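For reference, the structure discussed in these notes is given below.
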Amino acid sequence: MTEGSATDPIERSLFEAPTPGEQERMVEAVLFASAEPVTLAELVARLPQGCDPAEALVTLRRRFEGRGVQLVKVGDAYAFRTAPDLGHLMRKETTEHRKLSRAAIETLAIVAYHQPVTRAEIEEIRGVAVSRGTVDQLMELDWIRFGRRRMTPGRPVTFVVTDHFLDHFGLETTRDLPGLKELRAAGLLDNRPLPGGFLPPDDDEAPTGQSELFED
Amino acid sequence: MTEGSATDPIERSLFEAPTPGEQERMVEAVLFASAEPVTLAELVARLPQGCDPAEALVTLRRRFEGRGVQLVKVGDAYAFRTAPDLGHLMRKETTEHRKLSRAAIETLAIVAYHQPVTRAEIEEIRGVAVSRGTVDQLMELDWIRFGRRRMTPGRPVTFVVTDHFLDHFGLETTRDLPGLKELRAAGLLDNRPLPGGFLPPDDDEAPTGQSELFED
Amino acid sequence: MPDPDPWDQSDRLATSDRQAAEALIIDVDGFEGPLDLLLSLSRTQKVDLRKISVLQLAEQYLKFVSEAQELRIELAADYLVMAAWLAYLKSRLLLPPEPGEDGPSASDLAAHLAFQLERLAAMREAAARLMARDQLHRDIFPRGVPEDVTHRRDIRYDASLLDLMRAYARIRTRDDFRPFVMDRDHVYTMEQALERMRALIGYVGNWAELTSFLPEGWAVNPQRRRSATAAHFAAVLEMAKRGQVSIRQDGLFAPVQIRRIDP
């Protein structure tokens, strides 16, 4: 133990903040000890007063570049994670992976790329009803959650992806989703309603309207 | 993904061992991700053939000297540990997470959905008495607080949720809470709907139960 | 070999077509709705989804549906809805627009369908790319031992929004289901009343009103009063049958009175 007494860090903080090197050590220790990403705000709260974890994070991130363990950013939070190319060494730790259904995977992608998105919009994109089990499963995995209500008639709830989703797929933000820019540029993330509003899959009146068409 | 092909590491191991730097990365990742200290024998088994984890451990240990995290020997196994002088930063890691009791979570849900709500109303909705401990606990967690008094006989106090509650549950307002219909659509309700439909969430009327069956 | 006659030719074509259609139909369970089926059909055109011939696609789809019906395969309603819509679209695409016609043009509708298909295909691809990423606990690993350094224990109660919503759903559904369950709170059974009256009847030497026998707490609330009154009335009828009590009533709706019959 280098510190003589427990009051040491407190006393010190009254006079001066720890050196940058010391701060980096602290951030390193805190992040290493946590399995979950730690937010910047939390780091600020945990480190002695006067520390600037943001700066420490920058140097720390650089220090671990190319190492077996890397400092990654997840939303507003930071975590150490093993380098992706070494995954094969760790497979032993792997817990059983639940196989996601195609519906669940597509729904997840739609939420991620179109968020915030309502159920009706998901259904319009997929062309089929979204089963309750699918949404439930994605919520259980803590990959999607309810977002704000849409300010349209009926005020439907929306779905958004969680930070846990970002963490799981190694994304810093949803802006890093693969191909997002291209999809947006191609207009494929637009919510384009059917001209004239005749929408077969979720128009409630379709069955009656349809029978007339069949009669012809 | 840096791995060009799945066969890469295997193929390479047939001809030559990874470089010492590469071996160090591997040991680093394995020790980081392992739930238990790892023995030398285990490292040998995990790493590609021809690796010398003992040497990698030496360089790795040196690399982490003076850092926030250190490579320590535990019995005849190896593990990363927080530097002893930074133990005070880890206090938060020892928090024990416990699930709220069913009574507490139900009470909290009722306050969130019906606020401002009196104790009597909570009891009416839950159908059982609300213990003092439950309310105290929710107040202590700073999830609910006293609201304005109700202007009815007895002027009972009401409960409302706090900003801290909204923050914790990632809500901007309680209006963003999904209604029963939406909960059901998301598969969060196990029960099938009644043929006659169900109570909307903002229906403040107390359950009438069977009174209608007996009323003249 | 003689020239194959036209019949033979068409028959052969039809067979190969039908085989193709059957291959699709056998797979009908594999399609996730009409849009998915349309997307699969569009693949056979082997063109950019933006340049797809919606008319041709509509025909392929309608053919698929009619063949499915020939083979007596039950198609879900939304497949038929889509078929009807495509038939409508097809007719609009083939006929010149009527002068003064309102609403979107046929080409707008066709363009929208192409857009929908392209968007679905794009989302499929995006989903595949997402799932191909390195995933936590599969390719990337977090710290194996979150450290436990000090012995200070700070108990933190935790609940997620999901817990909260489930709790609320649980409470509210309980209410929904109340009418299905006999609500015993306000029900006094005849068995209970009989047992009670047996104990009390010894004290009833003179005529006494039945309502005065209602148990405490059952005389004020109208719902409970009605239940208790009915139960007690039924109980004394039973006792009268056994010759244990006499019952009388002075007039219609007058109080019911009872008296013990001494053996």
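Letters A, B, ... go to the chains of the structure tokens in the order shown; residues in each chain start at 1; ligands are counted from 1 in the same order.
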Could the residues of chain C within 7 Å of chain A, counting only C-alpha atoms, be given as a ChimeraX atom specification, please? /C:32-35,78,81-82,84,103-104,108-109,112,116,119-120,123-124,126-127,129-130,133-143,146-147
Would you kindly return, as a list in words, each protein, DNA or RNA residue with an atom no farther than 10 Å from any atom of Leu210 of chain C, considering only C-alpha atoms and excluding same-chain residues fewer than 2 positions away?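 So, after excluding close chain neighbours, the residues are Trp207, Ala208, Ser212, Phe213, Leu214, Thr229, His232, Phe233, Val236, Ile247, Pro255, Val256, Gln257, Ile258 and Arg259 of chain C.
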Please produce an output containing C-alpha atoms for each residue in the selection, written as a compact mmCIF listing (two decimals), in the first residue's frame.
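Resulting contents of part13.txt:
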```txt
# COMPACT_ATOMS: atom_id res chain seq x y z
CA TRP C 207 -91.14 -14.50 16.63
CA ALA C 208 -88.13 -12.58 15.46
CA SER C 212 -82.03 -9.31 12.78
CA PHE C 213 -80.01 -12.51 12.44
CA LEU C 214 -77.69 -11.15 9.80
CA THR C 229 -80.35 -12.21 3.52
CA HIS C 232 -80.27 -16.91 5.70
CA PHE C 233 -83.67 -17.13 4.08
CA VAL C 236 -84.42 -21.12 7.48
CA ILE C 247 -91.75 -19.04 9.27
CA PRO C 255 -90.48 -8.73 7.17
CA VAL C 256 -89.98 -12.47 7.34
CA GLN C 257 -90.21 -13.74 10.90
CA ILE C 258 -89.06 -17.00 12.40
CA ARG C 259 -89.59 -18.95 15.61
```
Would you please extract all helix (DSSP H, G or I) residues from segment 34-178 of chain C, as assigned by DSSP on the backbone, and give them as a ChimeraX atom specification? /C:34-43,49-51,54-70,77-94,106-131,161-176,178
I need the residues of segment 13-201 of chain A that end up classed as strand (DSSP E) by DSSP on the backbone, written out as an mmCIF file with N, CA and C atoms, in the first residue's frame.
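Final output, saved to result-v1.cif:
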```
data_model
loop_
_atom_site.group_PDB
_atom_site.id
_atom_site.type_symbol
_atom_site.label_atom_id
_atom_site.label_comp_id
_atom_site.auth_asym_id
_atom_site.auth_seq_id
_atom_site.Cartn_x
_atom_site.Cartn_y
_atom_site.Cartn_z
ATOM 1 N N VAL A 38 -19.130 1.551 -18.195
ATOM 2 C CA VAL A 38 -19.258 2.582 -17.168
ATOM 3 C C VAL A 38 -19.378 3.932 -17.864
ATOM 4 N N THR A 39 -20.365 4.701 -17.487
ATOM 5 C CA THR A 39 -20.567 5.991 -18.157
ATOM 6 C C THR A 39 -19.532 6.996 -17.684
ATOM 7 N N VAL A 69 -6.695 -6.788 -25.179
ATOM 8 C CA VAL A 69 -7.888 -6.217 -24.559
ATOM 9 C C VAL A 69 -7.984 -4.789 -25.060
ATOM 10 N N GLN A 70 -9.196 -4.325 -25.359
ATOM 11 C CA GLN A 70 -9.322 -2.982 -25.904
ATOM 12 C C GLN A 70 -10.360 -2.171 -25.160
ATOM 13 N N LEU A 71 -10.139 -0.877 -25.213
ATOM 14 C CA LEU A 71 -11.099 0.027 -24.587
ATOM 15 C C LEU A 71 -12.118 0.430 -25.650
ATOM 16 N N VAL A 72 -13.374 0.113 -25.417
ATOM 17 C CA VAL A 72 -14.400 0.451 -26.407
ATOM 18 C C VAL A 72 -15.408 1.414 -25.805
ATOM 19 N N LYS A 73 -16.049 2.140 -26.687
ATOM 20 C CA LYS A 73 -17.081 3.071 -26.270
ATOM 21 C C LYS A 73 -18.430 2.488 -26.656
ATOM 22 N N VAL A 74 -19.368 2.533 -25.736
ATOM 23 C CA VAL A 74 -20.713 2.025 -25.974
ATOM 24 C C VAL A 74 -21.688 3.108 -25.536
ATOM 25 N N ALA A 77 -20.864 5.248 -22.564
ATOM 26 C CA ALA A 77 -20.126 4.486 -21.562
ATOM 27 C C ALA A 77 -18.902 3.816 -22.181
ATOM 28 N N TYR A 78 -18.043 3.347 -21.309
ATOM 29 C CA TYR A 78 -16.780 2.753 -21.751
ATOM 30 C C TYR A 78 -16.587 1.403 -21.081
ATOM 31 N N ALA A 79 -15.913 0.521 -21.798
ATOM 32 C CA ALA A 79 -15.660 -0.797 -21.226
ATOM 33 C C ALA A 79 -14.432 -1.405 -21.879
ATOM 34 N N PHE A 80 -13.807 -2.301 -21.156
ATOM 35 C CA PHE A 80 -12.753 -3.100 -21.758
ATOM 36 C C PHE A 80 -13.380 -4.365 -22.327
ATOM 37 N N ARG A 81 -12.943 -4.734 -23.515
ATOM 38 C CA ARG A 81 -13.433 -5.942 -24.161
ATOM 39 C C ARG A 81 -12.252 -6.634 -24.839
ATOM 40 N N THR A 82 -12.329 -7.937 -24.962
ATOM 41 C CA THR A 82 -11.250 -8.641 -25.662
ATOM 42 C C THR A 82 -11.262 -8.250 -27.137
ATOM 43 N N VAL A 117 -39.326 3.507 -33.954
ATOM 44 C CA VAL A 117 -40.236 2.926 -34.942
ATOM 45 C C VAL A 117 -41.431 2.304 -34.223
ATOM 46 N N THR A 118 -42.586 2.454 -34.812
ATOM 47 C CA THR A 118 -43.780 1.870 -34.185
ATOM 48 C C THR A 118 -43.983 0.450 -34.699
ATOM 49 N N ILE A 144 -34.065 -4.276 -27.253
ATOM 50 C CA ILE A 144 -34.956 -3.172 -27.619
ATOM 51 C C ILE A 144 -35.763 -2.784 -26.390
ATOM 52 N N ARG A 145 -36.259 -1.566 -26.406
ATOM 53 C CA ARG A 145 -37.118 -1.110 -25.322
ATOM 54 C C ARG A 145 -38.132 -0.131 -25.890
ATOM 55 N N PHE A 146 -39.101 0.236 -25.067
ATOM 56 C CA PHE A 146 -40.062 1.231 -25.511
ATOM 57 C C PHE A 146 -39.394 2.594 -25.557
ATOM 58 N N GLY A 147 -39.673 3.343 -26.609
ATOM 59 C CA GLY A 147 -39.168 4.717 -26.694
ATOM 60 C C GLY A 147 -40.297 5.690 -26.407
ATOM 61 N N ARG A 148 -40.147 6.871 -26.903
ATOM 62 C CA ARG A 148 -41.196 7.865 -26.680
ATOM 63 C C ARG A 148 -42.401 7.547 -27.539
ATOM 64 N N ARG A 149 -43.531 8.054 -27.117
ATOM 65 C CA ARG A 149 -44.713 7.885 -27.955
ATOM 66 C C ARG A 149 -44.604 8.770 -29.183
ATOM 67 N N VAL A 157 -46.757 3.799 -29.121
ATOM 68 C CA VAL A 157 -45.429 3.722 -28.530
ATOM 69 C C VAL A 157 -44.448 3.345 -29.634
ATOM 70 N N THR A 158 -43.213 3.707 -29.421
ATOM 71 C CA THR A 158 -42.190 3.369 -30.392
ATOM 72 C C THR A 158 -41.209 2.403 -29.733
ATOM 73 N N PHE A 159 -40.405 1.791 -30.567
ATOM 74 C CA PHE A 159 -39.338 0.931 -30.078
ATOM 75 C C PHE A 159 -38.000 1.525 -30.481
ATOM 76 N N VAL A 160 -37.042 1.403 -29.600
ATOM 77 C CA VAL A 160 -35.678 1.832 -29.894
ATOM 78 C C VAL A 160 -34.740 0.734 -29.402
ATOM 79 N N VAL A 161 -33.495 0.771 -29.861
ATOM 80 C CA VAL A 161 -32.534 -0.212 -29.351
ATOM 81 C C VAL A 161 -31.886 0.333 -28.082
#
```
Rounded to one decimal place, report the atom CA of Leu43 of chain B-atom CA of Gly66 of chain A distance in Å. 20.5 Å
Given the choices B:Ala120, B:Leu138, B:Cys51, B:Ala185, which gets closest to chain A if the distance is worked out from only C-alpha atoms?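 Once distances to chain A are computed over only C-alpha atoms, the minimum belongs to B:Ala185.
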Atomic separation - atom CA of Ala83 of chain C relative to atom CA of Leu71 of chain C, Å: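 Between atom CA of Leu71 of chain C and atom CA of Ala83 of chain C the gap is 16.6 Å.
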Using only C-alpha atoms for the distances, tell me which of A:Asp52, A:Glu172, A:Glu16, A:Glu65 is nearest to chain B.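 Answer, going by the shortest atom-to-atom distance: A:Glu65.
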For atom CA of Ile171 of chain C and atom CA of Val187 of chain C, determine how far apart the two atoms are, in Å to one decimal place.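 Computing it gives 22.6 Å between the two atoms.
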